[in-house]
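First up is the structure itself, then whatever we jot down about it.
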Amino acid sequence: MMSRSGPLLLIAVLIAGILSILTPVESLTELQRTDPGLAWMLIEELRLPRTMLAVGYGAVLGLTGAALQATFANPLASPDITGSSSGAALGAVAGAYWLGITGPLALAVCGAIGAGVALAALFAVAGRRSETATLLLAGVAIALAAGAGTSLLLALAPSPFAFYDSFEWLMGSFVDRSLPQAAAALIPAAIACILLGRRATALDMMALGDDVAASVGYRPRRLAVEVVALSAIAVGACVSVCGAIAFVGLIAPFSARALTRGHPGKALVPAAAVGALLLVLADLLVRLAPAGRTIPVGVVTTAIGTPLFIWIVAHMRRSLAS
Amino acid sequence: MTPSLEARGLAISGRLQPTDLKLASGMTAVIGPNGAGKTSLLRALAGIELETGDVLIAGEDITHAPPSRRMRLLSFLPATRALVWPISTRDVIALGLPSPDVARVDQLLEQLELGALADRPVDHLSTGERSRVLLARALAARPRLLLLDEPLSNLDPYWVLRTLQILNSEARQCGCAVLASLHDLNQIGAFERVLLMDGGKVIADGNPAEVLDSPELARAFRIEKDGRSWKISEET
């Protein structure tokens with residue numbers, strides 16, 4: 001099944017990516033006529049990093065969401081619901097406004113540390129094989145604490161404009177990011193995602209439970225720590241450049257598992273493709289906003305994701321009841 | 001001939017006292033009261049939670065064997081039948097194979113009468129049906145050692161007898177050793193050898209009749225023979 005839908009999914013991501021670079025096309029054709037050099041600069045400095053970040057961050061959310069869901073044996077575990085995105089935002093804000101860090105790579109490290117601390121806290125509070133309610137409550141508590149911590153750091157920040165500056169960043173946006181920023185987010189994230197992808201077979205075996213996986217020779221506890229650390233690096237690096245984006249990390253793995261007949265490990269790569277597609281499409285939607293106004297892409301993913309999240313919860317409830 | 005299993009000095013602090021065990025091919029049951037250490041012994045033998053000791057399966061140390069090799073050496077069926085993901089019956093069985101083998105999956109589907117459930121997601125099956133699917137997964141690679149934690153629980157009388165029949169024929173055909181924990185003393189007659197555990201150690205080891213009649217069994221379970229059935233021991 002996946003063999004047929006895989007190439008289609010990749011073609012869809014490619015088409016959406018090209019659309020993202022060309023949209024809106026009027027300004028490009030206009031510049032192409034008057035100043036072709038400027039048209040190329042518009043693509044290279046604004047649209048290319050924006051598209052790369054949308055594709056890359058979407059892929060990171062899909063893949064880390066799938067890996068975290070497989071690890072926590074829970075279809076609701078995802079970067080946002082586990083509190084790791086909020087933790088990454090807190091780490092990046094602390095680095096940017098309190099430690100005076102400006103280098104994108106150093107900020108990516110701060111984001112990764114924040115995400116790592118949030119996931120470690122989730123481990124400590126909920127455990128790894130917890131009930132859905134425990135996982136959700138612990139995740140919500142961590143996300144709220146990290147959100148409050150972020151607000152406090154911004155309110156007391158030496159810069160009086162910290163709140164204003166950070167609004168667009170923390171709500172999730174790809175506007176006006178540079179190529180070096182895109183590289184700082186996507187290079188560490190890509191390395192972490194490749195290493196996560198190599199754990200797909202082990203994660204599929206974990207679907208039969210920790211004991212079966214361990215009897216075959218995998219080490220579930222070490223695997224869980226590795227997945228959490230690699231997810232923290234990937235999500236943290238992306239959040240430090242684009243801010244937190246909700247629901248993609250929840251929905252993409254859910255859809256991907258439909259393509260892999262329920263296998264949580266095999267769903268990693270398709271989840272990355274679905275995540276990339278979702279986020280590029282959400283960013284294209286953002287561009288429909290009236291001229292001069294910017295809607296953070298995080299608002300679009302939340303608007304689409306909330307009803308789907310409610311549907312997943314209702315679906316789980318029906319499954320439990322049957 | 002190399003025994004199917006040879007374990008030396010297996011121990012888990014607080015749960016399993018230092019234990020040596022040799023198993024030839026055939027059916028062995030492990031019985032004991034709740035908390036006796038049956039699951040700990042099976043998990044230690046499967047290399048899941050081995051603090052000290054060595055496990056050799058068919059003369060091979062499992063510690064550093066890669067997953068594909070370990071699948072051919074041993075298989076572990078845990079007592080829990082919980083499965084979270086909507087993977088089909090056919091795919092769950094295939095997860096027990098080191099390399100794809102559609103014919104073997106089809107054979108197990110037929111043997112365990114799971115054909116009608118082959119494409120159903122396992123999270124939608126009953127506990128008894130899931131037990132059969134997970135048993136098929138455990139049998140898939142025809143390993144030299146089958147470690148089964150309560151393989152007969154959740155099964156109806158037909159499937160209890162049928163499972164014992166299947167395990168017996170696997171043990172004979174493949175020359176593998178089956179070690180299964182049980183609660184129902186009426187089933188141990190189907191086994192050639194019985195290990196009785198209490199307090200984290202093996203306290204009796206023999207054929208079913210010997211162990212059933214042993215004073216250790218009466219003491220460990222706090223029951224005594226009452227004609228053809230059992231009653232609570234008057235000493236308790």
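Letters for chains follow the order of the structure tokens (A, B, ...), residue numbers begin at 1 for each chain, and ligand numbers begin at 1 in the order shown.
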Residues of chain B no more than 9 Å from chain A, counting only C-alpha atoms: send them over as an mmCIF file with N, CA and C atoms, in the first residue's frame.
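Final output, saved to part_34.cif:
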data_model
loop_
_atom_site.group_PDB
_atom_site.id
_atom_site.type_symbol
_atom_site.label_atom_id
_atom_site.label_comp_id
_atom_site.auth_asym_id
_atom_site.auth_seq_id
_atom_site.Cartn_x
_atom_site.Cartn_y
_atom_site.Cartn_z
ATOM 1 N N ARG B 43 11.721 -14.208 32.100
ATOM 2 C CA ARG B 43 12.300 -12.961 31.587
ATOM 3 C C ARG B 43 13.821 -13.007 31.637
ATOM 4 N N LEU B 45 15.641 -15.723 31.393
ATOM 5 C CA LEU B 45 16.079 -16.630 30.322
ATOM 6 C C LEU B 45 15.991 -15.961 28.956
ATOM 7 N N ALA B 46 15.013 -15.062 28.808
ATOM 8 C CA ALA B 46 14.854 -14.352 27.529
ATOM 9 C C ALA B 46 15.851 -13.205 27.403
ATOM 10 N N GLY B 47 16.647 -12.988 28.446
ATOM 11 C CA GLY B 47 17.650 -11.922 28.404
ATOM 12 C C GLY B 47 17.050 -10.541 28.578
ATOM 13 N N ILE B 48 15.804 -10.477 29.105
ATOM 14 C CA ILE B 48 15.131 -9.180 29.245
ATOM 15 C C ILE B 48 15.663 -8.457 30.477
ATOM 16 N N GLU B 49 15.815 -9.219 31.546
ATOM 17 C CA GLU B 49 16.197 -8.584 32.803
ATOM 18 C C GLU B 49 17.180 -9.516 33.505
ATOM 19 N N ILE B 62 23.376 -15.759 23.941
ATOM 20 C CA ILE B 62 22.432 -14.840 23.267
ATOM 21 C C ILE B 62 22.791 -13.374 23.452
ATOM 22 N N THR B 63 23.692 -13.085 24.413
ATOM 23 C CA THR B 63 23.902 -11.688 24.828
ATOM 24 C C THR B 63 24.187 -10.762 23.649
ATOM 25 N N HIS B 64 25.105 -11.161 22.774
ATOM 26 C CA HIS B 64 25.476 -10.238 21.702
ATOM 27 C C HIS B 64 24.928 -10.642 20.333
ATOM 28 N N ALA B 65 23.994 -11.594 20.340
ATOM 29 C CA ALA B 65 23.422 -12.022 19.056
ATOM 30 C C ALA B 65 22.528 -10.916 18.497
ATOM 31 N N PRO B 66 22.607 -10.632 17.192
ATOM 32 C CA PRO B 66 21.739 -9.600 16.592
ATOM 33 C C PRO B 66 20.278 -10.086 16.582
ATOM 34 N N PRO B 67 19.291 -9.147 16.456
ATOM 35 C CA PRO B 67 17.881 -9.528 16.512
ATOM 36 C C PRO B 67 17.514 -10.689 15.585
ATOM 37 N N SER B 68 18.017 -10.704 14.353
ATOM 38 C CA SER B 68 17.603 -11.760 13.422
ATOM 39 C C SER B 68 18.060 -13.138 13.928
ATOM 40 N N ARG B 69 19.229 -13.194 14.577
ATOM 41 C CA ARG B 69 19.721 -14.464 15.124
ATOM 42 C C ARG B 69 18.924 -14.856 16.368
ATOM 43 N N ARG B 70 18.686 -13.846 17.227
ATOM 44 C CA ARG B 70 17.947 -14.139 18.475
ATOM 45 C C ARG B 70 16.546 -14.660 18.179
ATOM 46 N N MET B 71 15.943 -14.128 17.112
ATOM 47 C CA MET B 71 14.590 -14.605 16.752
ATOM 48 C C MET B 71 14.607 -16.091 16.429
ATOM 49 N N LEU B 74 15.364 -17.872 20.239
ATOM 50 C CA LEU B 74 14.347 -17.874 21.301
ATOM 51 C C LEU B 74 13.171 -16.983 20.961
ATOM 52 N N SER B 75 12.064 -17.267 21.633
ATOM 53 C CA SER B 75 10.880 -16.444 21.472
ATOM 54 C C SER B 75 10.211 -16.322 22.836
ATOM 55 N N PHE B 76 9.740 -15.122 23.146
ATOM 56 C CA PHE B 76 9.133 -14.876 24.453
ATOM 57 C C PHE B 76 7.704 -14.394 24.264
ATOM 58 N N LEU B 77 6.765 -15.038 24.944
ATOM 59 C CA LEU B 77 5.370 -14.589 24.928
ATOM 60 C C LEU B 77 5.057 -13.997 26.301
ATOM 61 N N PRO B 78 4.876 -12.667 26.392
ATOM 62 C CA PRO B 78 4.583 -12.097 27.712
ATOM 63 C C PRO B 78 3.153 -12.394 28.156
ATOM 64 N N THR B 80 0.999 -10.285 29.277
ATOM 65 C CA THR B 80 0.039 -9.264 28.848
ATOM 66 C C THR B 80 -0.359 -9.494 27.390
ATOM 67 N N ALA B 82 -2.034 -6.950 25.814
ATOM 68 C CA ALA B 82 -2.387 -5.603 25.367
ATOM 69 C C ALA B 82 -1.603 -5.234 24.110
ATOM 70 N N LEU B 83 -2.299 -4.735 23.117
ATOM 71 C CA LEU B 83 -1.654 -4.242 21.900
ATOM 72 C C LEU B 83 -2.286 -2.900 21.558
ATOM 73 N N VAL B 84 -1.461 -1.883 21.399
ATOM 74 C CA VAL B 84 -1.984 -0.526 21.231
ATOM 75 C C VAL B 84 -2.301 -0.206 19.776
ATOM 76 N N TRP B 85 -1.434 -0.654 18.867
ATOM 77 C CA TRP B 85 -1.526 -0.164 17.486
ATOM 78 C C TRP B 85 -2.432 -1.045 16.623
ATOM 79 N N PRO B 86 -3.125 -0.446 15.667
ATOM 80 C CA PRO B 86 -4.067 -1.211 14.825
ATOM 81 C C PRO B 86 -3.357 -1.997 13.717
ATOM 82 N N ILE B 87 -2.429 -2.859 14.099
ATOM 83 C CA ILE B 87 -1.699 -3.679 13.118
ATOM 84 C C ILE B 87 -2.525 -4.945 12.856
ATOM 85 N N SER B 88 -2.529 -5.410 11.622
ATOM 86 C CA SER B 88 -3.353 -6.585 11.306
ATOM 87 C C SER B 88 -2.757 -7.854 11.912
ATOM 88 N N ASP B 91 0.149 -9.131 9.991
ATOM 89 C CA ASP B 91 1.393 -8.367 10.174
ATOM 90 C C ASP B 91 2.012 -8.617 11.547
ATOM 91 N N VAL B 92 1.177 -8.816 12.582
ATOM 92 C CA VAL B 92 1.726 -9.109 13.912
ATOM 93 C C VAL B 92 2.492 -10.427 13.871
ATOM 94 N N LEU B 95 5.815 -10.068 12.320
ATOM 95 C CA LEU B 95 6.838 -9.407 13.156
ATOM 96 C C LEU B 95 7.709 -10.434 13.893
ATOM 97 N N GLY B 96 7.243 -11.668 13.988
ATOM 98 C CA GLY B 96 8.034 -12.711 14.645
ATOM 99 C C GLY B 96 9.048 -13.366 13.733
ATOM 100 N N PRO B 121 -7.467 -5.505 12.434
ATOM 101 C CA PRO B 121 -6.485 -4.941 13.360
ATOM 102 C C PRO B 121 -6.570 -5.623 14.731
ATOM 103 N N ASP B 123 -5.981 -4.665 17.691
ATOM 104 C CA ASP B 123 -6.548 -3.947 18.833
ATOM 105 C C ASP B 123 -8.074 -4.065 18.859
ATOM 106 N N HIS B 124 -8.666 -4.628 17.796
ATOM 107 C CA HIS B 124 -10.114 -4.829 17.779
ATOM 108 C C HIS B 124 -10.504 -6.284 18.060
ATOM 109 N N LEU B 134 -0.746 -13.715 19.281
ATOM 110 C CA LEU B 134 0.586 -13.526 19.882
ATOM 111 C C LEU B 134 1.330 -14.858 19.999
#
- Item | Which of region 28-224 of chain B DSSP labels strand (DSSP E or B), written as a PyMOL selection string | chain B and resi 28-31+52-57+60-61+74-77+88+121+145-149+177-181+193-198+201-206+223-224
Could you dump the residues just selected with C-alpha atoms as a PDB file, in the first residue's frame?
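The resulting file, out.pdb, is reproduced below:
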ATOM      1  CA  THR B  28       8.393 -28.173  30.464  1.00  0.00           C
ATOM      2  CA  ALA B  29       5.899 -26.380  32.697  1.00  0.00           C
ATOM      3  CA  VAL B  30       6.830 -23.931  35.412  1.00  0.00           C
ATOM      4  CA  ILE B  31       4.278 -23.614  38.210  1.00  0.00           C
ATOM      5  CA  THR B  52      23.835 -12.015  36.599  1.00  0.00           C
ATOM      6  CA  GLY B  53      24.270 -15.371  34.900  1.00  0.00           C
ATOM      7  CA  ASP B  54      24.768 -16.828  31.441  1.00  0.00           C
ATOM      8  CA  VAL B  55      22.187 -18.182  29.029  1.00  0.00           C
ATOM      9  CA  LEU B  56      23.237 -20.518  26.234  1.00  0.00           C
ATOM     10  CA  ILE B  57      20.615 -21.530  23.702  1.00  0.00           C
ATOM     11  CA  GLU B  60      25.072 -20.131  21.701  1.00  0.00           C
ATOM     12  CA  ASP B  61      25.403 -17.122  24.010  1.00  0.00           C
ATOM     13  CA  LEU B  74      14.347 -17.874  21.301  1.00  0.00           C
ATOM     14  CA  SER B  75      10.880 -16.444  21.472  1.00  0.00           C
ATOM     15  CA  PHE B  76       9.133 -14.876  24.453  1.00  0.00           C
ATOM     16  CA  LEU B  77       5.370 -14.589  24.928  1.00  0.00           C
ATOM     17  CA  SER B  88      -3.353  -6.585  11.306  1.00  0.00           C
ATOM     18  CA  PRO B 121      -6.485  -4.941  13.360  1.00  0.00           C
ATOM     19  CA  LEU B 145      13.509 -22.166  22.849  1.00  0.00           C
ATOM     20  CA  LEU B 146       9.935 -21.000  23.441  1.00  0.00           C
ATOM     21  CA  LEU B 147       9.435 -19.059  26.674  1.00  0.00           C
ATOM     22  CA  LEU B 148       5.696 -18.667  27.235  1.00  0.00           C
ATOM     23  CA  ASP B 149       4.249 -16.730  30.156  1.00  0.00           C
ATOM     24  CA  ALA B 177      12.296 -26.695  24.121  1.00  0.00           C
ATOM     25  CA  VAL B 178       9.034 -25.211  25.409  1.00  0.00           C
ATOM     26  CA  LEU B 179       9.027 -23.632  28.872  1.00  0.00           C
ATOM     27  CA  ALA B 180       5.559 -22.392  29.848  1.00  0.00           C
ATOM     28  CA  SER B 181       4.278 -20.921  33.101  1.00  0.00           C
ATOM     29  CA  ARG B 193       8.724 -32.075  33.048  1.00  0.00           C
ATOM     30  CA  VAL B 194       7.490 -29.672  35.728  1.00  0.00           C
ATOM     31  CA  LEU B 195       9.457 -27.050  37.652  1.00  0.00           C
ATOM     32  CA  LEU B 196       7.845 -25.889  40.882  1.00  0.00           C
ATOM     33  CA  MET B 197       8.944 -22.453  42.075  1.00  0.00           C
ATOM     34  CA  ASP B 198       8.475 -20.640  45.370  1.00  0.00           C
ATOM     35  CA  LYS B 201      13.799 -20.508  43.391  1.00  0.00           C
ATOM     36  CA  VAL B 202      13.015 -23.908  41.910  1.00  0.00           C
ATOM     37  CA  ILE B 203      11.967 -26.117  44.836  1.00  0.00           C
ATOM     38  CA  ALA B 204      10.910 -29.249  42.932  1.00  0.00           C
ATOM     39  CA  ASP B 205      11.777 -30.601  39.494  1.00  0.00           C
ATOM     40  CA  GLY B 206      10.405 -33.812  38.040  1.00  0.00           C
ATOM     41  CA  ILE B 223      -3.545 -26.858  49.118  1.00  0.00           C
ATOM     42  CA  GLU B 224      -3.934 -30.613  49.434  1.00  0.00           C
TER      43      GLU B 224
END
- Task: Identify which of the residues A:Val93, A:Ala267, A:Ala118, A:Leu203 lies closest to Ser159 (chain A), counting only C-alpha atoms when measuring atom-to-atom distances.
- Result: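 Of the candidates, the smallest distance to Ser159 (chain A) is held by A:Val93.
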- Using only C-alpha atoms, which of A:Phe123, A:Phe72, A:Tyr97, A:Phe309 sits nearest Val248 (chain A)? A:Phe309
- Task: Select, from A:Glu168, A:Trp98, A:Ile194, A:Ile187, the residue with the minimum atom-to-atom distance to Leu152 (chain A), counting only C-alpha atoms.
- Result: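 Distance minimum relative to Leu152 (chain A) lands on A:Trp98.
In this structure, CA of Pro7 (chain A) sits 19.7 Å away from CA of Ala54 (chain A).
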- Would you list, as JSON, numbers by chain, the residues of region 168-292 of chain A that end up in alpha helix (DSSP H) under DSSP run on this structure's backbone? {"A": [168, 169, 170, 179, 180, 181, 182, 183, 184, 185, 186, 187, 188, 189, 190, 191, 192, 193, 194, 195, 196, 197, 200, 201, 202, 203, 204, 205, 206, 210, 211, 212, 213, 214, 215, 216, 220, 221, 222, 223, 224, 225, 226, 227, 228, 229, 230, 231, 232, 233, 234, 235, 236, 237, 238, 239, 240, 241, 242, 248, 249, 250, 251, 252, 253, 254, 255, 256, 257, 258, 259, 268, 269, 270, 271, 272, 273, 274, 275, 276, 277, 278, 279, 280, 281, 282, 283, 284, 285, 286]}
Distance query Pro253 (chain A) at most 7 Å, only C-alpha atoms, self and fewer than 4 positions along chain excluded, as an mmCIF file with C-alpha atoms, in the first residue's frame:
data_model
loop_
_atom_site.group_PDB
_atom_site.id
_atom_site.type_symbol
_atom_site.label_atom_id
_atom_site.label_comp_id
_atom_site.auth_asym_id
_atom_site.auth_seq_id
_atom_site.Cartn_x
_atom_site.Cartn_y
_atom_site.Cartn_z
ATOM 1 C CA GLY A 62 5.727 14.473 11.549
ATOM 2 C CA GLY A 65 5.623 12.890 16.449
ATOM 3 C CA ALA A 66 5.610 9.358 14.998
ATOM 4 C CA GLY A 249 3.175 16.429 14.997
ATOM 5 C CA ARG A 257 -0.064 5.001 10.069
ATOM 6 C CA ALA A 267 5.223 5.332 9.747
ATOM 7 C CA ALA A 271 4.767 10.936 8.686
#
- Item | Which of B:Pro98, B:Gly227, B:Pro151, B:Pro143 sits closest to Leu164 (chain B) [using only C-alpha atoms] |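 Distance minimum relative to Leu164 (chain B) lands on B:Pro151.
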- Which of these residues is nearest to Val280 (chain A), using only C-alpha atoms: A:Gly298, A:Gly197, A:Gly95, A:Gly243?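 Closest to Val280 (chain A), using only C-alpha atoms: A:Gly298.
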- Item | Between CA of Ala148 (chain A) and CA of Val241 (chain A) - distance in Å to one decimal | 20.1 Å
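When only C-alpha atoms are used to measure the gap to Gly305 (chain A), the shortest distance among A:Gly265, A:Asp35, A:Ala246, A:Gly100 belongs to A:Ala246.
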